[in-house]
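Student: Just one file: final-v4.tsv, with TSV, C-alpha atoms.
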```
chain	number	residue	atom	x	y	z
A	1442	MET	CA	55.73	78.91	102.42
A	1443	ARG	CA	58.04	80.39	99.76
A	1444	SER	CA	59.54	82.91	102.18
A	1445	LEU	CA	60.37	80.12	104.63
A	1446	ASP	CA	62.09	78.15	101.87
A	1447	ARG	CA	64.09	81.21	100.90
A	1448	THR	CA	65.24	81.79	104.47
A	1449	ALA	CA	66.32	78.17	104.78
A	1450	ASN	CA	68.26	78.42	101.51
A	1451	GLU	CA	69.88	81.64	102.66
A	1452	ALA	CA	70.92	79.99	105.91
A	1453	GLU	CA	72.56	77.15	104.02
A	1454	ALA	CA	74.29	79.57	101.65
A	1455	ALA	CA	75.74	81.78	104.39
A	1456	PRO	CA	79.28	80.59	105.15
A	1457	SER	CA	79.75	79.15	108.62
A	1458	VAL	CA	82.10	80.93	110.99
A	1459	LEU	CA	84.46	77.96	110.70
A	1460	ALA	CA	84.57	78.30	106.92
A	1461	LEU	CA	85.35	82.01	107.28
A	1462	ALA	CA	88.12	81.27	109.76
A	1463	VAL	CA	90.12	79.04	107.42
A	1464	PRO	CA	91.19	81.79	104.97
A	1465	VAL	CA	92.09	84.00	107.93
A	1466	GLY	CA	94.36	81.29	109.30
A	1467	LEU	CA	95.90	80.75	105.87
A	1468	ALA	CA	96.50	84.45	105.32
A	1469	VAL	CA	98.15	84.74	108.73
A	1470	ALA	CA	100.19	81.67	107.85
A	1471	ALA	CA	101.56	83.54	104.83
A	1472	TYR	CA	103.34	86.04	107.01
A	1473	GLY	CA	104.01	83.47	109.70
A	1474	LEU	CA	106.04	81.61	107.13
A	1475	SER	CA	107.99	84.79	106.44
A	1476	TYR	CA	108.57	85.32	110.16
A	1477	GLY	CA	109.88	81.80	110.66
A	1478	VAL	CA	112.44	82.28	107.92
A	1479	LEU	CA	113.48	85.74	109.09
A	1480	ALA	CA	113.73	84.72	112.74
A	1481	VAL	CA	116.17	81.93	111.94
A	1482	ALA	CA	118.09	84.23	109.62
A	1483	ALA	CA	118.38	86.67	112.54
A	1484	GLY	CA	120.00	83.99	114.68
A	1485	LEU	CA	117.19	82.28	116.57
A	1486	SER	CA	117.11	78.49	116.58
A	1487	PRO	CA	114.07	77.03	114.79
A	1488	LEU	CA	112.78	75.89	118.17
A	1489	LEU	CA	113.14	79.32	119.75
A	1490	ALA	CA	111.54	80.93	116.71
A	1491	THR	CA	108.54	78.64	117.05
A	1492	VAL	CA	108.36	79.13	120.82
A	1493	SER	CA	108.42	82.90	120.29
A	1494	SER	CA	105.26	82.64	118.22
A	1495	VAL	CA	103.58	80.54	120.90
A	1496	LEU	CA	104.51	82.91	123.71
A	1497	VAL	CA	104.09	86.29	122.03
A	1498	LEU	CA	101.46	85.67	119.33
A	1499	ALA	CA	101.88	89.16	117.91
A	1500	GLY	CA	103.39	89.30	114.45
A	1501	GLY	CA	104.34	92.96	114.24
A	1502	SER	CA	106.30	92.90	117.48
A	1503	GLN	CA	107.95	89.61	116.60
A	1504	PHE	CA	109.15	91.01	113.28
A	1505	ALA	CA	110.41	94.10	115.12
A	1506	PHE	CA	112.23	91.94	117.68
A	1507	VAL	CA	114.09	89.79	115.17
A	1508	GLY	CA	114.72	92.90	113.07
A	1509	VAL	CA	116.68	94.38	115.95
A	1510	LEU	CA	118.53	91.10	116.43
A	1511	ALA	CA	119.40	90.93	112.76
A	1512	ALA	CA	120.78	94.46	112.90
A	1513	GLY	CA	123.00	93.47	115.80
A	1514	GLY	CA	121.05	95.47	118.38
A	1515	ASN	CA	120.42	94.71	122.03
A	1516	PRO	CA	117.62	92.13	122.38
A	1517	PHE	CA	116.02	94.21	125.14
A	1518	THR	CA	115.73	97.16	122.75
A	1519	GLY	CA	113.89	94.82	120.44
A	1520	ALA	CA	111.66	93.68	123.27
A	1521	VAL	CA	110.80	97.26	124.21
A	1522	ALA	CA	110.07	98.20	120.60
A	1523	GLY	CA	107.83	95.17	120.36
A	1524	LEU	CA	106.04	96.04	123.59
A	1525	LEU	CA	105.36	99.57	122.38
A	1526	LEU	CA	103.88	98.16	119.21
A	1527	ASN	CA	101.77	95.76	121.25
A	1528	LEU	CA	100.29	98.43	123.50
A	1529	ARG	CA	97.53	98.64	120.89
A	1530	TYR	CA	96.25	95.32	122.31
A	1531	LEU	CA	95.11	97.26	125.35
A	1532	ALA	CA	92.61	99.01	123.07
A	1533	PHE	CA	91.72	95.78	121.26
A	1534	GLY	CA	91.31	93.89	124.52
A	1535	LEU	CA	88.99	96.56	125.90
A	1536	ALA	CA	87.06	96.70	122.64
A	1537	ILE	CA	86.29	92.96	122.70
A	1538	ALA	CA	85.85	92.77	126.48
A	1539	ARG	CA	82.56	94.64	126.19
A	1540	HIS	CA	81.18	91.59	124.42
A	1541	LEU	CA	82.79	88.93	126.56
A	1542	PRO	CA	80.79	87.35	129.37
A	1543	ALA	CA	81.90	87.83	132.98
A	1544	ALA	CA	83.43	84.35	133.16
A	1545	SER	CA	85.87	82.26	135.16
A	1546	PHE	CA	89.54	83.20	135.55
A	1547	GLY	CA	90.57	80.40	133.21
A	1548	ARG	CA	88.13	81.44	130.50
A	1549	ARG	CA	89.29	85.07	130.67
A	1550	ALA	CA	92.91	83.92	130.58
A	1551	VAL	CA	92.28	81.99	127.38
A	1552	ASP	CA	90.26	84.82	125.83
A	1553	SER	CA	93.13	87.18	126.64
A	1554	TYR	CA	95.53	84.94	124.74
A	1555	LEU	CA	93.21	85.07	121.73
A	1556	VAL	CA	93.35	88.88	121.51
A	1557	VAL	CA	95.03	89.52	118.18
A	1558	ASP	CA	94.27	92.00	115.40
A	1559	GLU	CA	92.29	89.57	113.27
A	1560	SER	CA	90.11	88.05	115.97
A	1561	VAL	CA	89.05	91.37	117.45
A	1562	ALA	CA	88.71	93.39	114.26
A	1563	LEU	CA	86.86	90.80	112.22
A	1564	SER	CA	84.42	89.89	114.97
A	1565	LEU	CA	83.66	93.52	115.88
A	1566	ALA	CA	83.23	94.64	112.30
A	1567	HIS	CA	80.62	92.01	111.68
A	1568	GLY	CA	78.71	92.76	114.86
A	1569	GLY	CA	75.55	90.77	115.43
A	1570	THR	CA	74.85	88.30	118.20
A	1571	ASP	CA	77.79	85.96	117.70
A	1572	VAL	CA	80.70	88.35	118.23
A	1573	VAL	CA	82.21	86.14	120.94
A	1574	ARG	CA	81.99	82.96	118.87
A	1575	ARG	CA	83.60	84.72	115.90
A	1576	PHE	CA	86.28	86.20	118.13
A	1577	ARG	CA	87.24	82.80	119.54
A	1578	THR	CA	87.02	80.93	116.23
A	1579	PHE	CA	89.11	83.49	114.36
A	1580	GLY	CA	91.45	83.61	117.35
A	1581	TRP	CA	92.16	79.88	117.28
A	1582	SER	CA	92.54	80.00	113.52
A	1583	VAL	CA	95.24	82.65	113.94
A	1584	VAL	CA	96.91	80.67	116.72
A	1585	ILE	CA	97.13	77.55	114.55
A	1586	GLY	CA	98.09	79.43	111.38
A	1587	TRP	CA	100.68	81.68	112.99
A	1588	ILE	CA	102.45	79.06	115.10
A	1589	GLY	CA	102.24	76.31	112.47
A	1590	ALA	CA	103.59	78.54	109.72
A	1591	THR	CA	106.38	79.85	111.96
A	1592	ALA	CA	107.50	76.28	112.55
A	1593	ILE	CA	107.41	75.48	108.84
A	1594	GLY	CA	109.30	78.63	107.94
A	1595	ALA	CA	111.81	78.16	110.75
A	1596	TYR	CA	112.56	74.50	110.13
A	1597	GLY	CA	112.12	74.58	106.36
A	1598	GLY	CA	113.49	78.06	105.75
A	1599	ARG	CA	116.39	77.04	103.61
A	1600	LEU	CA	113.94	75.41	101.24
A	1601	LEU	CA	111.78	78.53	101.07
A	1602	GLY	CA	114.49	81.00	100.15
A	1603	ASP	CA	113.87	84.74	100.33
A	1604	PRO	CA	110.39	85.59	101.63
A	1605	THR	CA	110.43	89.02	99.99
A	1606	ALA	CA	110.58	87.34	96.60
A	1607	PHE	CA	107.11	86.01	97.30
A	1608	GLY	CA	105.94	89.44	98.42
A	1609	LEU	CA	105.25	87.98	101.85
A	1610	ASP	CA	106.34	91.23	103.51
A	1611	ALA	CA	103.48	92.95	101.68
A	1612	ALA	CA	101.06	90.35	103.03
A	1613	PHE	CA	101.17	92.01	106.42
A	1614	PRO	CA	99.98	95.51	105.42
A	1615	ALA	CA	97.48	93.97	103.00
A	1616	GLY	CA	96.02	92.01	105.88
A	1617	PHE	CA	95.81	95.09	108.07
A	1618	LEU	CA	94.06	96.94	105.25
A	1619	ALA	CA	91.51	94.17	104.96
A	1620	LEU	CA	90.87	94.41	108.70
A	1621	LEU	CA	90.59	98.20	108.50
A	1622	ALA	CA	88.07	98.22	105.65
A	1623	PRO	CA	84.81	98.04	107.68
A	1624	TRP	CA	85.80	101.11	109.70
A	1625	LEU	CA	86.33	103.09	106.50
A	1626	ARG	CA	82.61	102.96	105.77
A	1627	SER	CA	81.83	105.49	108.50
A	1628	ARG	CA	82.92	109.10	108.67
A	1629	ARG	CA	84.41	108.79	112.16
A	1630	GLY	CA	86.24	105.63	111.13
A	1631	ARG	CA	87.78	107.40	108.14
A	1632	VAL	CA	88.86	110.36	110.28
A	1633	ALA	CA	90.41	108.04	112.84
A	1634	ALA	CA	92.25	106.15	110.11
A	1635	VAL	CA	93.60	109.20	108.28
A	1636	THR	CA	94.67	110.89	111.51
A	1637	GLY	CA	96.35	107.70	112.67
A	1638	VAL	CA	98.29	107.43	109.41
A	1639	LEU	CA	99.42	111.06	109.54
A	1640	LEU	CA	100.53	110.80	113.15
A	1641	ALA	CA	102.42	107.55	112.62
A	1642	LEU	CA	104.24	108.66	109.48
A	1643	ALA	CA	105.07	112.07	110.93
A	1644	LEU	CA	106.69	110.48	113.97
A	1645	THR	CA	108.60	107.75	112.13
A	1646	GLY	CA	112.31	108.29	112.43
A	1647	ILE	CA	112.07	111.04	115.00
A	1648	THR	CA	110.77	108.80	117.78
A	1649	PRO	CA	111.89	105.32	118.84
A	1650	PRO	CA	110.36	102.36	116.98
A	1651	GLY	CA	106.88	101.56	118.27
A	1652	VAL	CA	106.06	105.09	119.42
A	1653	PRO	CA	104.47	106.15	116.10
A	1654	ILE	CA	101.84	103.43	116.48
A	1655	ILE	CA	101.03	104.43	120.06
A	1656	ALA	CA	100.69	108.07	119.03
A	1657	ALA	CA	98.41	107.04	116.17
A	1658	ALA	CA	95.81	105.96	118.75
A	1659	ALA	CA	95.13	109.67	119.30
A	1660	GLY	CA	93.42	109.51	115.93
A	1661	ALA	CA	90.48	107.94	117.73
A	1662	LEU	CA	90.25	110.99	120.01
A	1663	VAL	CA	90.21	113.31	117.02
A	1664	ALA	CA	87.52	111.20	115.37
A	1665	LEU	CA	85.26	111.53	118.42
A	1666	ALA	CA	85.08	115.25	117.73
A	1667	VAL	CA	83.56	114.57	114.32
A	1668	PRO	CA	79.76	114.78	114.35
A	1669	GLN	CA	77.99	111.48	113.94
A	1670	LYS	CA	75.49	110.87	111.15
A	1671	ARG	CA	72.06	110.03	112.51
A	1672	GLY	CA	70.55	106.69	111.63
A	1673	ALA	CA	71.80	103.17	111.09
A	1674	GLY	CA	75.54	102.70	110.65
A	1675	PRO	CA	77.05	99.78	108.72
A	1676	HIS	CA	77.43	97.58	111.79
A	1677	CYS	CA	74.12	97.73	113.60
A	1678	ASP	CA	73.44	94.69	115.68
A	1679	GLU	CA	70.00	93.53	116.69
A	1680	ALA	CA	69.84	96.10	119.48
A	1681	GLY	CA	70.34	98.87	116.95
A	1682	VAL	CA	73.63	99.82	118.57
A	1683	THR	CA	76.45	100.59	116.17
A	1684	ARG	CA	79.75	98.83	116.65
A	1685	GLY	CA	83.11	99.27	114.99
A	1686	GLY	CA	82.58	102.30	112.77
A	1687	THR	CA	80.22	104.65	114.54
A	1688	GLY	CA	78.17	107.16	112.55
B	581	MET	CA	120.39	83.66	127.17
B	582	THR	CA	119.87	87.42	126.92
B	583	THR	CA	117.78	86.85	123.84
B	584	MET	CA	115.56	84.36	125.65
B	585	LEU	CA	115.09	86.72	128.60
B	586	ALA	CA	114.24	89.60	126.29
B	587	MET	CA	111.75	87.40	124.47
B	588	LEU	CA	110.18	86.40	127.77
B	589	LEU	CA	109.85	90.05	128.68
B	590	LEU	CA	108.09	90.70	125.38
B	591	ALA	CA	105.82	87.71	125.89
B	592	VAL	CA	104.81	88.50	129.46
B	593	GLY	CA	104.38	92.20	128.74
B	594	THR	CA	102.27	91.50	125.67
B	595	TYR	CA	100.02	89.02	127.42
B	596	THR	CA	99.53	91.43	130.34
B	597	VAL	CA	98.45	94.17	127.97
B	598	LYS	CA	96.07	91.84	126.15
B	599	ALA	CA	94.59	90.61	129.45
B	600	ILE	CA	93.71	94.00	130.92
B	601	GLY	CA	90.52	94.27	128.87
B	602	PRO	CA	89.09	90.78	129.51
B	603	PHE	CA	90.03	90.84	133.19
B	604	THR	CA	88.77	94.29	134.05
B	605	ALA	CA	85.94	94.98	131.65
B	606	ALA	CA	84.39	91.66	130.61
B	607	GLY	CA	80.68	91.50	131.28
B	608	ARG	CA	80.61	95.18	132.14
B	609	GLU	CA	79.56	98.17	130.13
B	610	LEU	CA	82.10	100.90	129.61
B	611	PRO	CA	81.00	104.53	129.97
B	612	PRO	CA	79.61	105.60	126.56
B	613	THR	CA	82.46	107.93	125.62
B	614	LEU	CA	85.11	105.36	126.51
B	615	ALA	CA	83.15	102.76	124.60
B	616	LYS	CA	83.06	104.95	121.50
B	617	LEU	CA	86.78	105.62	121.91
B	618	THR	CA	87.71	101.95	122.13
B	619	ASP	CA	85.47	101.24	119.15
B	620	LEU	CA	87.43	103.76	117.07
B	621	MET	CA	90.94	102.92	118.24
B	622	PRO	CA	91.28	99.85	116.03
B	623	ALA	CA	90.66	102.10	113.02
B	624	ALA	CA	93.46	104.51	113.94
B	625	LEU	CA	95.87	101.73	114.94
B	626	LEU	CA	95.22	99.46	111.96
B	627	ALA	CA	95.57	102.37	109.52
B	628	ALA	CA	98.86	103.39	111.14
B	629	LEU	CA	100.07	99.81	110.82
B	630	VAL	CA	99.13	99.72	107.13
B	631	ALA	CA	101.11	102.90	106.56
B	632	THR	CA	104.19	101.96	108.56
B	633	GLN	CA	104.32	98.38	107.24
B	634	THR	CA	104.16	99.72	103.69
B	635	PHE	CA	106.42	102.76	103.81
B	636	VAL	CA	108.85	102.27	106.68
B	637	VAL	CA	112.30	100.80	106.24
B	638	GLY	CA	114.52	100.84	109.30
B	639	THR	CA	113.96	104.28	110.78
B	640	GLY	CA	112.94	106.09	107.58
B	641	LEU	CA	110.25	106.15	104.95
B	642	THR	CA	110.63	104.75	101.48
B	643	VAL	CA	108.58	103.77	98.47
B	644	ASP	CA	109.12	100.26	97.16
B	645	ALA	CA	107.22	97.33	95.68
B	646	ARG	CA	105.12	97.07	98.82
B	647	VAL	CA	103.18	100.10	97.60
B	648	GLY	CA	102.11	98.09	94.57
B	649	GLY	CA	100.93	95.40	96.93
B	650	LEU	CA	98.96	97.97	98.90
B	651	VAL	CA	97.29	99.26	95.75
B	652	ALA	CA	96.33	95.72	94.73
B	653	ALA	CA	95.01	95.05	98.23
B	654	ALA	CA	93.02	98.30	98.17
B	655	ILE	CA	91.40	97.29	94.88
B	656	ALA	CA	90.55	93.90	96.32
B	657	VAL	CA	89.02	95.57	99.39
B	658	ALA	CA	87.01	97.96	97.22
B	659	LEU	CA	85.70	94.92	95.34
B	660	ARG	CA	84.63	93.45	98.69
B	661	ALA	CA	87.00	90.50	98.31
B	662	PRO	CA	87.34	88.24	101.35
B	663	PHE	CA	90.28	88.56	103.76
B	664	GLY	CA	92.41	85.81	102.23
B	665	VAL	CA	92.05	87.17	98.70
B	666	VAL	CA	93.12	90.67	99.81
B	667	VAL	CA	96.28	89.30	101.43
B	668	LEU	CA	96.99	87.13	98.41
B	669	ALA	CA	96.50	90.09	96.06
B	670	GLY	CA	98.93	92.20	98.08
B	671	ALA	CA	101.61	89.54	98.22
B	672	ALA	CA	101.20	88.54	94.58
B	673	ALA	CA	101.34	92.12	93.26
B	674	THR	CA	104.51	92.83	95.24
B	675	ALA	CA	106.09	89.57	94.09
B	676	VAL	CA	105.30	90.36	90.45
B	677	LEU	CA	106.69	93.88	90.76
B	678	ARG	CA	109.89	92.48	92.22
B	679	LEU	CA	110.10	89.96	89.40
B	680	LEU	CA	109.84	92.87	87.00
B	681	GLY	CA	112.79	94.51	88.71
B	682	TRP	CA	111.27	96.93	91.22
B	683	VAL	CA	112.63	96.53	94.76
```
Reformat the file's structure so that it appears as C-alpha cells.
Tutor:
Amino acid sequence: MRSLDRTANEAEAAPSVLALAVPVGLAVAAYGLSYGVLAVAAGLSPLLATVSSVLVLAGGSQFAFVGVLAAGGNPFTGAVAGLLLNLRYLAFGLAIARHLPAASFGRRAVDSYLVVDESVALSLAHGGTDVVRRFRTFGWSVVIGWIGATAIGAYGGRLLGDPTAFGLDAAFPAGFLALLAPWLRSRRGRVAAVTGVLLALALTGITPPGVPIIAAAAGALVALAVPQKRGAGPHCDEAGVTRGGTG
Amino acid sequence: MTTMLAMLLLAVGTYTVKAIGPFTAAGRELPPTLAKLTDLMPAALLAALVATQTFVVGTGLTVDARVGGLVAAAIAVALRAPFGVVVLAGAAATAVLRLLGWV
C-alpha cells in the first residue's frame, strides 16, 4: 500500500511536460526580444522582422542575417551564412526522425517546422517513451516564445534600449550550453563537444561565416572512434537503448 | 525587395534542411552507425555554437563580458539548474559585468 502511495505522490510531484515547456519558451523569448530590436536596428521593418521569425524560426541564422545587413553587406551573403549555420538542422532532423511515427504528409510538414535546437535536444536528452510529445510541446513553446518576443522587441524596441546592456547576447550561448549539458555526461559526448569547439574556433576568421559550425559536425565522427563504456548510459529508455550521449 | 528575397531564400532553404529528416527517416530505423552519428552530432554542433556565440565578434575571436555569462551558465548547469535558470544566469552575469565596466 505504502509503495503505491509513494508512486502516486511522485507522479504528482513530477513536472508535466507543459510546465517544463514554459521556461524554455521564456528563455527563447529572452533572445527573441534581442533579435527583434537588432533586426529593426539593422533596417528591417517591425513587420518584416516578425515575419522573418515566423518563416525562418532559427535564431542563430537570423542574427547572422541581420548582422550582415547592419554591416552594409549583401543580403544574399547573409542568407548564405544563415543557411550554412542552419545545415546543422539536417542532423537534428534526422536525430528526431528516428522517434517520429511514419505519419501523413501534413503531420511530417508540421513536425519539420518544429525542428529547432531546443525541441530536439531537450526531448532526446530526456529519452523515455514520450520523446515525440516532448519534442512537439517544446517546439510549440519555442515557436510562441520566439515569434512573440520578436514582435515585442521589433515593435517596442525603442522602449527596450540596448539589448547587450541586459546581457541578452549572452543568453544565446547560455541556452546552448544548457542544451549541451546532457551529452557531456558521456565520454563520447564530451569528445564530440571538445572536438567541435576546437574545429569551430580554429576555422573562425579563415573560412566564411557558417562554415566553422558545419566543420564542427566532424566532431561526432571523431567521437565514434572513442570506445564506449559498457553498461547503462545516462539516457537509457525502457528498451535499454542509450540515446543522446552514448557510452 | 532584395532583402525580402534573400530572407525567403533563407526561410525555404532552412525549412528544406529541417524537413529532410522527418520526410525521409520518420518511422524507419537508421543503420546503427548512422544512428550513433546523428545522436552525437548535436553535441558537436551545440558545443561549437556555445564557443562561437561566446568568443566570436565579426570574423575574429575576442574575450568580453559574454565569457562571464558562460561561466555563470556553466555553474548553473553543474548545479543541475533548469534551462530557464541557466539562461537567466548567463544573461544576468553578463549584464552585471557590463554594469561594472567590462565590455
Student: Output as a short mmCIF file (atom, residue, chain, number, x, y, z; two decimals) with C-alpha atoms, in the coordinates of the input the set of chain B residues within 6 Å of chain A, with distances taken over only C-alpha atoms.
Tutor:
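Done, and the output landed in iface_9.cif:
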```
data_model
loop_
_atom_site.label_atom_id
_atom_site.label_comp_id
_atom_site.auth_asym_id
_atom_site.auth_seq_id
_atom_site.Cartn_x
_atom_site.Cartn_y
_atom_site.Cartn_z
CA THR B 583 117.78 86.85 123.84
CA ALA B 586 114.24 89.60 126.29
CA LEU B 590 108.09 90.70 125.38
CA ALA B 591 105.82 87.71 125.89
CA VAL B 597 98.45 94.17 127.97
CA LYS B 598 96.07 91.84 126.15
CA ALA B 599 94.59 90.61 129.45
CA GLY B 601 90.52 94.27 128.87
CA PRO B 602 89.09 90.78 129.51
CA ALA B 605 85.94 94.98 131.65
CA ALA B 606 84.39 91.66 130.61
CA GLY B 607 80.68 91.50 131.28
CA THR B 618 87.71 101.95 122.13
CA ASP B 619 85.47 101.24 119.15
CA LEU B 620 87.43 103.76 117.07
CA MET B 621 90.94 102.92 118.24
CA ALA B 623 90.66 102.10 113.02
CA ALA B 624 93.46 104.51 113.94
CA LEU B 625 95.87 101.73 114.94
CA LEU B 626 95.22 99.46 111.96
CA ALA B 627 95.57 102.37 109.52
CA ALA B 628 98.86 103.39 111.14
CA VAL B 630 99.13 99.72 107.13
CA GLN B 633 104.32 98.38 107.24
CA THR B 639 113.96 104.28 110.78
CA GLY B 640 112.94 106.09 107.58
CA ARG B 646 105.12 97.07 98.82
CA GLY B 649 100.93 95.40 96.93
CA LEU B 650 98.96 97.97 98.90
CA ALA B 653 95.01 95.05 98.23
CA PHE B 663 90.28 88.56 103.76
CA GLY B 664 92.41 85.81 102.23
CA VAL B 667 96.28 89.30 101.43
CA GLY B 670 98.93 92.20 98.08
CA ALA B 671 101.61 89.54 98.22
CA THR B 674 104.51 92.83 95.24
CA ALA B 675 106.09 89.57 94.09
#
```
Student: Which one of A:Ser1457, A:Thr1491, A:Gln1669, A:Ser1475 sits closest to Thr1578 of chain A if you count all atoms listed in the file?
Tutor: A:Ser1457
Student: So what do you get for atom CA of Phe1576 of chain A versus atom CA of Ala1592 of chain A, distance-wise?
Tutor: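 We find that atom CA of Phe1576 of chain A and atom CA of Ala1592 of chain A lie 24.1 Å from each other.
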Student: To one decimal place in Å, what is the distance between atom CA of Leu1600 of chain A and atom CA of Ala1480 of chain A?
Tutor: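 These two atoms are separated by 14.8 Å.
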Student: When you draw a straight line from atom CA of Thr1591 of chain A to atom CA of Thr642 of chain B, how long is it in Å?
Tutor: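 Taking atom CA of Thr1591 of chain A and atom CA of Thr642 of chain B, their separation equals 27.3 Å.
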Student: Write out as number ranges by chain which residues come within 7 Å of Ala1595 of chain A when counting all atoms listed in the file, dropping same-chain ones fewer than 4 positions away.
Tutor: A: 1477-1478, 1481, 1487, 1490, 1591
Student: Counting only C-alpha atoms, which residue out of A:Ser1486, A:Ser1560, A:Tyr1476, A:Arg1599 sits closest to Ser1582 of chain A?
Tutor: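 Smallest separation from Ser1582 of chain A among the options: A:Ser1560.
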